[in-house]
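Asker: Got a structure for you, model-v3.txt, holding compact mmCIF, C-alpha atoms.
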```txt
# COMPACT_ATOMS: atom_id res chain seq x y z
CA MET P 22 120.27 166.70 44.90
CA ILE P 23 123.71 167.94 45.81
CA HIS P 24 124.40 168.51 49.50
CA THR P 25 127.22 169.92 51.56
CA THR P 26 127.85 168.82 55.11
CA THR P 27 130.56 168.93 57.74
CA ILE P 28 131.90 165.76 59.36
CA THR P 29 134.51 165.01 62.00
CA VAL P 30 137.40 162.66 61.29
CA PRO P 31 140.27 161.65 63.60
CA ASN P 32 143.55 163.33 62.68
CA SER P 33 145.08 159.86 62.49
CA GLN P 34 143.08 159.30 59.29
CA ILE P 35 144.50 162.42 57.63
CA LYS P 36 147.38 160.87 55.77
CA ASP P 37 146.43 160.21 52.21
CA THR P 38 143.65 161.41 49.92
CA PHE P 39 142.53 157.86 49.14
CA VAL P 40 142.31 156.98 52.85
CA ILE P 41 140.41 160.19 53.60
CA THR P 42 138.01 159.68 50.70
CA ALA P 43 137.24 156.12 51.79
CA HIS P 44 136.71 157.25 55.37
CA ILE P 45 134.32 160.04 54.36
CA ALA P 46 132.34 157.70 52.10
CA SER P 47 132.03 155.26 54.98
CA ILE P 48 130.79 157.93 57.40
CA LEU P 49 128.23 159.37 54.98
CA ASN P 50 127.29 155.94 53.61
CA ILE P 51 127.78 157.05 50.02
CA ALA P 52 129.73 155.67 47.08
CA GLU P 53 133.10 157.32 46.54
CA ASP P 54 131.92 158.25 43.03
CA ASP P 55 129.11 160.31 44.58
CA MET P 56 131.55 162.45 46.52
CA ILE P 57 132.21 165.66 44.65
CA ARG P 58 134.78 167.34 46.84
CA TRP P 59 136.09 167.67 50.37
CA ALA P 60 138.38 170.02 52.27
CA ILE P 61 139.67 170.06 55.84
CA THR P 62 138.53 173.34 57.38
CA ALA P 63 139.68 173.06 60.99
CA THR P 64 141.67 171.06 63.50
CA ASN P 65 139.96 170.55 66.86
CA GLY P 66 142.33 168.69 69.16
CA ASP P 67 142.66 165.12 67.88
CA ASN P 68 139.98 165.60 65.23
CA SER P 69 139.56 167.42 61.94
CA SER P 70 136.45 169.09 60.54
CA ILE P 71 135.95 168.23 56.89
CA ILE P 72 133.44 169.95 54.65
CA VAL P 73 132.10 167.50 52.08
CA THR P 74 129.98 168.00 48.97
CA TYR P 75 128.21 164.93 47.59
CA ALA P 76 125.31 163.81 45.45
CA LYS P 77 122.49 161.77 46.97
CA MET Y 30 157.06 168.05 28.21
CA PRO Y 31 160.27 170.17 28.09
CA ASN Y 32 161.19 171.40 31.51
CA ASN Y 33 163.52 174.38 31.17
CA LYS Y 34 161.55 176.33 33.77
CA PRO Y 35 159.46 174.89 36.59
CA ILE Y 36 155.82 173.97 36.13
CA GLY Y 37 153.67 174.91 39.09
CA ILE Y 38 150.20 175.16 40.51
CA TYR Y 39 148.95 178.32 42.23
CA ILE Y 40 145.62 177.91 43.99
CA VAL Y 41 143.48 180.09 46.19
CA PRO Y 42 140.47 178.02 47.23
CA THR Y 43 137.27 179.96 46.89
CA GLY Y 44 135.05 180.90 49.81
CA ILE Y 45 137.71 180.76 52.55
CA GLY Y 46 138.19 184.49 52.98
CA ALA Y 47 141.77 184.65 51.66
CA GLU Y 48 143.31 188.10 52.06
CA ILE Y 49 144.81 187.73 48.58
CA GLY Y 50 142.48 186.04 46.10
CA GLY Y 51 139.41 185.96 48.28
CA TYR Y 52 137.69 188.78 46.41
CA GLY Y 53 137.40 189.64 42.72
CA GLY Y 54 140.38 188.12 40.91
CA ASP Y 55 142.74 189.95 43.23
CA ALA Y 56 145.33 187.15 43.21
CA LEU Y 57 145.72 187.45 39.45
CA PRO Y 58 148.56 190.03 39.51
CA TYR Y 59 150.50 187.80 41.93
CA ALA Y 60 149.98 184.72 39.75
CA LYS Y 61 150.93 186.62 36.61
CA LYS Y 62 154.19 187.72 38.18
CA LEU Y 63 154.88 184.19 39.40
CA SER Y 64 154.23 182.84 35.91
CA ARG Y 65 157.27 184.79 34.62
CA TYR Y 66 159.43 182.20 36.33
CA CYS Y 67 157.45 179.22 35.04
CA GLU Y 68 157.10 177.20 31.90
CA TYR Y 69 153.47 176.77 32.90
CA LEU Y 70 151.49 177.90 35.93
CA ILE Y 71 148.15 176.19 36.50
CA VAL Y 72 145.63 178.35 38.37
CA ASN Y 73 142.12 177.69 39.62
CA PRO Y 74 139.29 179.97 38.42
CA ASN Y 75 139.14 181.86 41.71
CA VAL Y 76 142.61 183.23 40.97
CA ALA Y 77 141.71 184.58 37.54
CA ASN Y 78 137.99 185.36 37.57
CA ALA Y 79 137.46 189.10 37.86
CA GLY Y 80 133.96 189.79 36.56
CA ALA Y 81 134.20 191.52 33.21
CA TYR Y 82 137.99 191.85 33.52
CA TYR Y 83 140.62 189.31 32.56
CA GLY Y 84 144.28 189.07 31.75
CA MET Y 85 146.29 185.88 32.12
CA SER Y 86 149.81 185.53 30.78
CA ASP Y 87 150.65 183.01 28.05
CA ALA Y 88 152.25 180.74 30.66
CA MET Y 89 149.07 180.49 32.70
CA ILE Y 90 146.70 177.54 32.39
CA TYR Y 91 143.16 177.84 33.76
CA ALA Y 92 141.75 174.66 35.31
CA GLU Y 93 138.75 174.16 37.57
CA GLY Y 94 139.57 173.10 41.13
CA LEU Y 95 138.19 169.59 40.95
CA THR Y 96 140.23 168.90 37.83
CA ILE Y 97 143.36 170.10 39.66
CA ASP Y 98 142.50 167.73 42.54
CA ARG Y 99 142.14 164.79 40.16
CA PHE Y 100 145.21 165.83 38.19
CA MET Y 101 147.27 165.77 41.39
CA GLU Y 102 145.79 162.40 42.38
CA GLY Y 103 146.97 161.04 39.01
CA LYS Y 104 143.41 160.19 37.98
CA ILE Y 105 143.57 162.51 34.97
CA SER Y 106 146.17 164.45 33.04
CA PHE Y 107 145.91 167.52 30.83
CA ASN Y 108 146.52 168.21 27.18
CA PHE Y 109 147.61 171.77 26.65
CA SER Y 110 149.00 173.01 23.34
CA GLN Y 111 148.15 175.53 20.65
CA LYS Y 112 146.03 172.84 19.01
CA THR Y 113 144.13 172.38 22.30
CA LEU Y 114 143.39 176.11 22.39
CA ASP Y 115 142.41 176.18 18.72
CA ASP Y 116 139.90 173.36 19.25
CA ILE Y 117 138.11 174.85 22.27
CA LYS Y 118 134.34 175.16 21.80
CA ILE Y 119 132.43 176.77 24.65
CA GLY Y 120 128.76 176.36 25.49
CA VAL Y 121 126.98 178.61 27.98
CA ILE Y 122 124.08 177.62 30.25
CA PHE Y 123 121.73 180.06 31.97
CA ASP Y 124 119.54 179.08 34.90
CA LYS Y 125 115.83 179.38 34.04
CA ALA Y 126 115.42 181.26 37.31
CA VAL Y 127 116.90 184.26 35.49
CA ASP Y 128 113.30 184.82 34.32
CA LYS Y 129 112.57 186.12 37.83
CA LEU Y 130 115.35 188.75 37.66
CA PRO Y 131 115.33 192.05 35.79
CA LYS Y 132 115.62 191.46 32.04
CA TYR Y 133 118.87 193.45 31.77
CA ILE Y 134 120.78 190.69 33.57
CA LEU Y 135 120.21 188.05 30.89
CA ASN Y 136 120.65 190.66 28.18
CA ALA Y 137 123.99 191.82 29.61
CA ASN Y 138 125.23 188.22 29.68
CA ILE Y 139 124.11 187.49 26.12
CA LEU Y 140 125.75 190.72 24.94
CA SER Y 141 128.96 189.69 26.69
CA ILE Y 142 128.89 186.36 24.82
CA ASN Y 143 128.60 188.22 21.54
CA ALA Y 144 131.33 190.66 22.56
CA MET Y 145 133.73 187.89 23.56
CA LYS Y 146 133.05 186.15 20.25
CA THR Y 147 133.35 189.14 17.95
CA SER Y 148 135.85 191.38 19.74
CA VAL Y 149 138.07 188.91 21.57
CA GLY Y 150 137.77 185.90 19.28
CA ILE Y 151 136.60 183.32 21.81
CA ASN Y 152 134.95 180.33 20.15
CA ILE Y 153 131.52 180.20 21.83
CA ILE Y 154 129.22 177.77 20.06
CA ASP Y 155 125.87 178.44 21.66
CA TYR Y 156 123.97 179.22 24.82
CA MET Y 157 120.81 177.75 26.26
CA ILE Y 158 118.50 178.20 29.22
CA THR Y 159 117.78 175.26 31.52
CA ASN Y 160 114.30 173.73 31.31
CA GLU Y 161 113.70 174.29 35.03
CA PRO Y 162 115.16 176.50 37.79
CA VAL Y 163 118.40 175.11 39.23
CA GLY Y 164 117.57 175.93 42.85
CA ALA Y 165 121.08 176.93 43.97
CA GLY Y 166 121.19 178.12 47.59
CA ILE Y 167 124.08 179.73 49.45
CA GLU Y 168 125.02 178.78 53.01
CA MET Y 169 127.84 179.87 55.27
CA ARG Y 170 129.31 177.98 58.20
CA ASP Y 171 132.45 178.59 60.28
CA GLY Y 172 133.59 181.35 57.93
CA ILE Y 173 133.41 179.09 54.87
CA SER Y 174 130.89 179.56 52.07
CA PHE Y 175 129.17 176.58 50.45
CA GLY Y 176 125.66 175.59 49.43
CA SER Y 177 123.32 173.10 47.80
CA ILE Y 178 121.67 172.47 44.44
CA ASP Y 179 118.06 171.26 44.37
CA ASN Y 180 117.87 170.39 40.69
CA PRO Y 181 121.26 169.47 39.20
CA GLU Y 182 119.47 167.31 36.62
CA THR Y 183 118.26 170.38 34.74
CA ILE Y 184 121.89 171.52 34.44
CA TYR Y 185 122.93 168.05 33.27
CA SER Y 186 120.26 168.06 30.53
CA ALA Y 187 121.63 171.35 29.23
CA VAL Y 188 125.22 170.09 29.40
CA GLU Y 189 124.28 167.01 27.37
CA GLU Y 190 122.56 169.18 24.77
CA LEU Y 191 125.59 171.45 24.43
CA ILE Y 192 127.97 168.49 24.20
CA ALA Y 193 125.74 167.10 21.43
CA ARG Y 194 126.18 170.44 19.64
CA GLY Y 195 129.97 170.02 19.79
CA CYS Y 196 130.88 171.98 22.91
CA ASN Y 197 133.90 170.81 24.93
CA ARG Y 198 133.87 173.54 27.63
CA ILE Y 199 130.91 174.70 29.72
CA ALA Y 200 130.22 178.08 31.32
CA VAL Y 201 127.21 177.83 33.62
CA CYS Y 202 125.41 180.84 35.07
CA CYS Y 203 122.97 180.34 37.93
CA VAL Y 204 120.78 182.51 40.08
CA LEU Y 205 122.06 182.07 43.63
CA ASP Y 206 119.59 182.29 46.48
CA ASP Y 207 121.37 184.31 49.18
CA GLY Y 208 118.49 184.29 51.66
CA ASN Y 209 120.68 182.49 54.21
CA VAL Y 210 123.44 185.11 54.04
CA SER Y 211 123.16 188.07 56.42
CA GLU Y 212 123.41 191.64 55.18
CA GLU Y 213 126.36 192.04 57.56
CA ALA Y 214 128.23 189.22 55.81
CA LYS Y 215 127.61 190.76 52.38
CA LEU Y 216 128.72 194.19 53.58
CA ALA Y 217 131.86 192.73 55.18
CA TYR Y 218 132.80 191.20 51.82
CA GLU Y 219 132.30 194.49 49.95
CA GLU Y 220 134.41 196.30 52.53
CA GLY Y 221 137.23 193.79 52.17
CA HIS Y 222 137.13 191.95 55.48
CA GLY Y 223 134.64 189.14 54.82
CA VAL Y 224 134.21 185.89 52.93
CA ASP Y 225 132.95 185.81 49.34
CA PRO Y 226 129.48 184.44 50.12
CA ILE Y 227 128.92 182.84 46.71
CA GLY Y 228 132.34 181.33 46.03
CA GLY Y 229 131.79 177.98 47.68
CA LEU Y 230 128.50 177.34 45.92
CA GLU Y 231 129.96 178.36 42.57
CA ALA Y 232 132.65 175.72 43.00
CA ILE Y 233 130.04 173.10 43.88
CA ILE Y 234 128.08 173.81 40.69
CA SER Y 235 131.10 173.48 38.43
CA HIS Y 236 132.40 170.45 40.33
CA SER Y 237 129.09 168.67 39.85
CA ILE Y 238 129.35 169.02 36.06
CA ILE Y 239 132.98 167.93 35.95
CA ALA Y 240 132.33 164.97 38.23
CA LYS Y 241 129.61 163.71 35.90
CA TYR Y 242 130.97 164.57 32.43
CA ASN Y 243 134.75 164.99 32.85
CA ILE Y 244 134.54 168.25 30.91
CA MET Y 245 136.00 171.60 31.98
CA ALA Y 246 133.22 173.73 33.47
CA VAL Y 247 133.16 177.00 35.40
CA HIS Y 248 130.41 179.04 37.03
CA ALA Y 249 129.57 182.73 36.75
CA PRO Y 250 126.74 184.17 38.87
CA LEU Y 251 123.64 185.92 37.60
CA LEU Y 252 123.37 188.86 39.96
CA PRO Y 253 121.45 192.10 39.95
CA ILE Y 254 124.08 194.83 39.89
CA GLU Y 255 123.52 198.25 41.37
CA LEU Y 256 126.40 200.60 40.79
CA PRO Y 257 127.30 202.15 44.16
CA GLU Y 258 126.66 205.81 44.92
CA ASN Y 259 129.60 205.85 47.33
CA ILE Y 260 132.66 204.05 46.01
CA ASP Y 261 134.67 204.72 49.16
CA SER Y 262 133.02 201.73 50.84
CA ILE Y 263 134.04 199.33 48.05
CA ASP Y 264 137.37 197.65 48.72
CA PRO Y 265 139.58 197.83 45.58
CA ARG Y 266 139.81 194.02 45.63
CA VAL Y 267 136.04 193.89 45.02
CA ALA Y 268 136.04 196.64 42.37
CA SER Y 269 136.08 194.20 39.43
CA GLU Y 270 132.81 192.69 40.59
CA ALA Y 271 131.24 195.95 41.77
CA SER Y 272 131.71 197.43 38.31
CA SER Y 273 130.67 194.41 36.20
CA PHE Y 274 127.15 193.92 34.87
CA THR Y 275 128.18 190.44 33.80
CA PHE Y 276 130.72 188.04 35.26
CA LEU Y 277 130.98 185.95 32.10
CA PRO Y 278 133.93 187.59 30.26
CA SER Y 279 136.63 186.42 32.68
CA ILE Y 280 135.12 182.91 32.78
CA LEU Y 281 134.95 182.71 28.99
CA TYR Y 282 138.49 184.00 28.66
CA GLY Y 283 139.68 181.51 31.26
CA LEU Y 284 137.99 178.61 29.51
CA SER Y 285 139.68 179.72 26.29
CA ARG Y 286 142.98 178.99 28.06
CA SER Y 287 141.98 175.71 29.69
CA PRO Y 288 143.41 172.25 28.99
CA ASP Y 289 141.64 169.19 27.68
CA ILE Y 290 141.08 166.57 30.37
CA ALA Y 291 142.83 163.34 29.42
CA THR Y 292 142.39 159.92 30.94
CA LYS Y 293 143.77 157.41 28.45
CA PRO Y 294 146.08 157.94 26.70
CA ARG Y 295 147.85 160.28 29.07
CA GLY Y 296 148.01 163.95 28.10
CA ASN Y 297 151.19 165.98 27.64
CA LEU Y 298 151.01 167.41 31.18
CA SER Y 299 150.69 165.19 34.23
CA VAL Y 300 151.33 165.30 37.95
CA ASP Y 301 154.81 163.96 37.25
CA ASP Y 302 155.62 167.28 35.55
CA ILE Y 303 154.70 169.44 38.54
CA ASP Y 304 157.56 171.06 40.44
CA PHE Y 305 155.71 173.11 43.05
CA VAL Y 306 152.37 174.11 44.53
CA VAL Y 307 151.56 177.48 46.13
CA VAL Y 308 148.68 177.93 48.60
CA PRO Y 309 147.47 180.56 51.08
CA HIS Y 310 148.77 180.26 54.63
CA ASN Y 311 148.18 176.80 56.14
CA CYS Y 312 145.62 175.98 53.48
CA PHE Y 313 146.72 172.35 53.40
CA GLY Y 314 143.52 170.34 53.87
CA ASN Y 315 142.92 169.50 50.24
CA PRO Y 316 143.98 166.81 47.78
CA VAL Y 317 146.34 169.16 45.92
CA VAL Y 318 148.59 169.71 48.92
CA LEU Y 319 148.32 166.17 50.32
CA GLU Y 320 149.19 164.62 46.96
CA ALA Y 321 152.01 167.08 46.39
CA LEU Y 322 153.59 166.22 49.73
CA LYS Y 323 153.16 162.49 49.12
CA ARG Y 324 154.93 162.85 45.78
CA GLY Y 325 157.77 165.03 47.05
CA ILE Y 326 156.55 168.12 45.20
CA LYS Y 327 157.47 171.41 46.88
CA VAL Y 328 154.60 173.15 48.67
CA TYR Y 329 154.87 176.86 49.43
CA SER Y 330 152.60 178.48 52.02
CA ILE Y 331 152.29 182.27 51.79
CA LYS Y 332 152.12 183.49 55.36
CA ASP Y 333 150.67 186.92 54.66
CA ASN Y 334 147.81 185.39 52.69
CA LYS Y 335 145.70 184.82 55.80
CA ASN Y 336 142.38 183.04 55.47
CA ASN Y 337 139.71 181.24 57.48
CA SER Y 338 141.34 177.79 57.39
CA GLN Y 339 141.71 176.67 60.99
CA LEU Y 340 143.94 173.72 60.16
CA LYS Y 341 146.80 173.35 62.65
CA PRO Y 342 149.70 171.63 60.84
CA GLN Y 343 151.41 170.50 64.05
CA ALA Y 344 148.43 168.26 64.89
CA TYR Y 345 149.31 165.88 62.04
CA GLY Y 346 152.80 164.74 63.06
CA ASP Y 347 155.28 165.03 60.21
CA LEU Y 348 152.66 165.25 57.47
CA PHE Y 349 153.16 168.95 56.70
CA ARG Y 350 156.74 169.27 57.95
CA SER Y 351 158.24 169.73 54.48
CA VAL Y 352 156.03 172.72 53.62
CA ILE Y 353 158.12 175.78 52.77
CA TYR Y 354 156.83 178.98 54.37
CA CYS Y 355 157.29 182.31 52.60
CA ASP Y 356 156.49 185.56 54.40
CA ASP Y 357 154.97 187.01 51.25
CA HIS Y 358 154.91 186.67 47.46
CA GLU Y 359 158.18 188.58 47.08
CA GLU Y 360 159.94 185.84 49.04
CA LEU Y 361 158.23 183.27 46.82
CA TYR Y 362 159.48 184.98 43.66
CA ARG Y 363 163.01 184.93 45.05
CA ALA Y 364 162.66 181.22 45.75
CA MET Y 365 161.45 180.70 42.17
CA GLN Y 366 164.49 182.43 40.79
CA GLY Y 367 166.55 179.94 42.74
CA LEU Y 368 164.52 177.07 41.26
CA ASP Y 369 164.91 178.26 37.68
```
Written as structure tokens, that's how I'd like the structure from this file.
Answerer:
Amino acid sequence: MIHTTTITVPNSQIKDTFVITAHIASILNIAEDDMIRWAITATNGDNSSIIVTYAK
Amino acid sequence: MPNNKPIGIYIVPTGIGAEIGGYGGDALPYAKKLSRYCEYLIVNPNVANAGAYYGMSDAMIYAEGLTIDRFMEGKISFNFSQKTLDDIKIGVIFDKAVDKLPKYILNANILSINAMKTSVGINIIDYMITNEPVGAGIEMRDGISFGSIDNPETIYSAVEELIARGCNRIAVCCVLDDGNVSEEAKLAYEEGHGVDPIGGLEAIISHSIIAKYNIMAVHAPLLPIELPENIDSIDPRVASEASSFTFLPSILYGLSRSPDIATKPRGNLSVDDIDFVVVPHNCFGNPVVLEALKRGIKVYSIKDNKNNSQLKPQAYGDLFRSVIYCDDHEELYRAMQGLD
């Protein structure tokens, strides 16, 4: 099944796509290859909301 | 690749409520004009898809959003030449759930395949219906549209069958369950002040195919269409969709102008060839922009293309400091003439 969810990541991690991808995979406990796409949708103070689509 | 004019990327992410490009192919005229100043201009499907209407310039290249992400990350490159276009073979997939919709919907889509083959000359090899319903459901959260797919495996089986028949591009058409979308949200979209409720899910469906098979794929919805009695309530930006019984023609035409995805050896167009990226206002939270900035590629943000992104650039230190802001597309075109 393919899911979409929203996670929160510190702005300090928003530097590089490879860093962000690794961070998201760690939070969702999925392999990076199972991540289909992500996008930052909002900044909330020191954090960012990221919408993530992944297979699991 | 020769570089007499700049090569750029113009994206309007789908499902974010962009004032320009958030409706029915309404960014296409802006991209076409921009392409006059470019050797090539890569656009995502949301820029060019306009239901039964289409019309890209020869400089425009149509590439699905996930492939543009990976292209910018340097994970893939593109091959784009006359030979690429001559070798394109498209397969079309219909969701079995179309059985539950009025028969005219499938018929209109099959007729459009035949029309695009015989009257436009698009090389469409075959179509097939998935063995089981796809189970695609729309959701909306924080002004962004997205969704889920219960049964991607039935899509994958169809993709594998079409690849076995020689197809190298996939158009996939699913029935989208909009039970989670309010009537108010749908009406707001039609009136030109809401988010395209299906855009995010459409991107997820095509991304899932590309992620698994590394083949260019794009989604067109299977929707019951009721021509409106009162056209005054239909925003002109939605008119292409409101007047289309099938959304396939623009997808098929786009795929007929899409590049091959290359891994090794590298294709003739790579991230190293890209001179600029254009996005809606402050729409920076994606791999295309982050990779462009990392690589020193110019990023233009169009201020009057407002959208639902709530990213605040100043919260990320210097990360987005080099972004070039243009008030509108006219200012962008002037900047392009300076680049040329």
Asker: For Y:Val188, please output as a list in words all residues within 8 Å (counting all atoms listed in the file; exclusion window: fewer than 2 positions along the same chain).
Answerer: Ile122, Ile184, Tyr185, Ser186, Glu190, Leu191, Ile192, Ile199 and Ile238 of chain Y
Asker: Find the residues of chain P in contact range of chain Y, meaning any atom within 9 Å when counting only C-alpha atoms, and list them as a ChimeraX atom specification.
Answerer: /P:22-25,32-33,35-39,54-72,74-76
Asker: I want to know what sits within 8 Å of Y:Asp55, based on only C-alpha atoms, with residues of the same chain fewer than 3 positions away left out; could you give that as an MDAnalysis selection string?
Answerer: chainID Y and resid 49:52 58 76:77 79 266:267
Asker: Can you pull out every residue within 7 Å of Y:Ala88, counting all atoms listed in the file, but drop anything in the same chain fewer than 3 positions away, and send it as a list in words?
Answerer: Ser64, Cys67, Glu68, Tyr69 and Leu70 of chain Y
Asker: Kindly list the centre and edge lengths in Å, rounded to one decimal, for the axis-aligned box that covers all listed atoms of stretch 39-54 of chain P plus 3 Å on each of its six sides, as JSON.
Answerer:
```
{"center_x": 134.9, "center_y": 157.7, "center_z": 50.2, "size_x": 21.2, "size_y": 10.9, "size_z": 20.4}
```
Asker: Looking at Y:Glu93, Y:Asp261, Y:Glu212, Y:Asp155, which one is nearest to Y:Lys118, with distances taken over only C-alpha atoms?
Answerer: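 Checking each candidate against Y:Lys118, we get Y:Asp155 as the closest.
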Asker: Report as a ChimeraX atom specification all protein, DNA and RNA residues lying within 12 Å of Y:Pro253, evaluated on all atoms listed in the file, omitting residues in the same chain fewer than 4 positions from it.
Answerer: /Y:127,129-138,204-206,270-276
Asker: Which one is closest to Y:Ile117: Y:Ser235, Y:Ser287, Y:Asn33, Y:Asn243? Count only C-alpha atoms.
Answerer: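 Smallest distance to Y:Ile117 is found for Y:Ser287.
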Asker: Which neighbours of P:Ile48 fall inside 12 Å, counting only C-alpha atoms, when residues of the same chain fewer than 5 positions from it are skipped, and could you give them as a PDB file with C-alpha atoms, in the frame of the given file?
Answerer:
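Result saved to result.pdb:
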```pdb
ATOM      1  CA  THR P  26     127.850 168.820  55.110  1.00  0.00           C
ATOM      2  CA  THR P  27     130.560 168.930  57.740  1.00  0.00           C
ATOM      3  CA  ILE P  28     131.900 165.760  59.360  1.00  0.00           C
ATOM      4  CA  THR P  29     134.510 165.010  62.000  1.00  0.00           C
ATOM      5  CA  VAL P  30     137.400 162.660  61.290  1.00  0.00           C
ATOM      6  CA  PRO P  31     140.270 161.650  63.600  1.00  0.00           C
ATOM      7  CA  ILE P  41     140.410 160.190  53.600  1.00  0.00           C
ATOM      8  CA  THR P  42     138.010 159.680  50.700  1.00  0.00           C
ATOM      9  CA  ALA P  43     137.240 156.120  51.790  1.00  0.00           C
ATOM     10  CA  GLU P  53     133.100 157.320  46.540  1.00  0.00           C
ATOM     11  CA  MET P  56     131.550 162.450  46.520  1.00  0.00           C
ATOM     12  CA  ILE P  71     135.950 168.230  56.890  1.00  0.00           C
ATOM     13  CA  VAL P  73     132.100 167.500  52.080  1.00  0.00           C
TER      14      VAL P  73
END
```
Asker: Please, what distance in Å, to one decimal, runs between atom CA of Y:Leu140 and atom CA of Y:Lys112?
Answerer: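 Atom CA of Y:Leu140 sits 27.7 Å away from atom CA of Y:Lys112.
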Asker: Nearest to Y:Asn160 among Y:Thr183, Y:Ser174, Y:Asn197, Y:Ser148, with distances taken over all atoms listed in the file: which residue is it?
Answerer: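 Nearest candidate to Y:Asn160 out of Y:Thr183, Y:Ser174, Y:Asn197, Y:Ser148: Y:Thr183.
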Asker: From the block I gave, I'd like stretch 233-272 of chain Y written with C-alpha atoms, as a compact mmCIF listing (two decimals), in the first residue's frame.
Answerer:
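Result file follows (selection_39.txt):
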```txt
# COMPACT_ATOMS: atom_id res chain seq x y z
CA ILE Y 233 1.43 9.87 -6.16
CA ILE Y 234 0.09 7.34 -8.68
CA SER Y 235 2.57 8.31 -11.38
CA HIS Y 236 5.44 8.58 -8.89
CA SER Y 237 4.77 5.04 -7.68
CA ILE Y 238 5.19 3.66 -11.21
CA ILE Y 239 8.33 5.67 -11.90
CA ALA Y 240 9.86 4.74 -8.56
CA LYS Y 241 9.43 1.04 -9.34
CA TYR Y 242 10.12 0.86 -13.09
CA ASN Y 243 12.13 4.00 -13.95
CA ILE Y 244 9.78 4.63 -16.87
CA MET Y 245 7.99 7.90 -17.67
CA ALA Y 246 4.40 7.67 -16.41
CA VAL Y 247 1.60 10.20 -16.00
CA HIS Y 248 -1.92 10.01 -14.60
CA ALA Y 249 -5.23 11.17 -16.05
CA PRO Y 250 -8.40 10.84 -13.97
CA LEU Y 251 -11.52 8.91 -14.89
CA LEU Y 252 -14.26 11.32 -13.91
CA PRO Y 253 -17.95 11.59 -14.65
CA ILE Y 254 -18.36 14.86 -16.51
CA GLU Y 255 -21.53 16.90 -16.40
CA LEU Y 256 -21.42 19.91 -18.65
CA PRO Y 257 -22.52 22.92 -16.56
CA GLU Y 258 -25.81 24.69 -17.15
CA ASN Y 259 -24.33 27.95 -15.89
CA ILE Y 260 -20.84 28.62 -17.20
CA ASP Y 261 -20.52 31.88 -15.27
CA SER Y 262 -19.51 29.94 -12.16
CA ILE Y 263 -16.65 28.15 -13.95
CA ASP Y 264 -13.36 30.00 -13.65
CA PRO Y 265 -11.67 30.24 -17.09
CA ARG Y 266 -8.62 28.47 -15.61
CA VAL Y 267 -10.81 25.40 -15.03
CA ALA Y 268 -12.54 25.58 -18.43
CA SER Y 269 -10.25 23.00 -20.06
CA GLU Y 270 -11.32 20.40 -17.52
CA ALA Y 271 -14.96 21.48 -17.32
CA SER Y 272 -15.31 20.98 -21.07
```
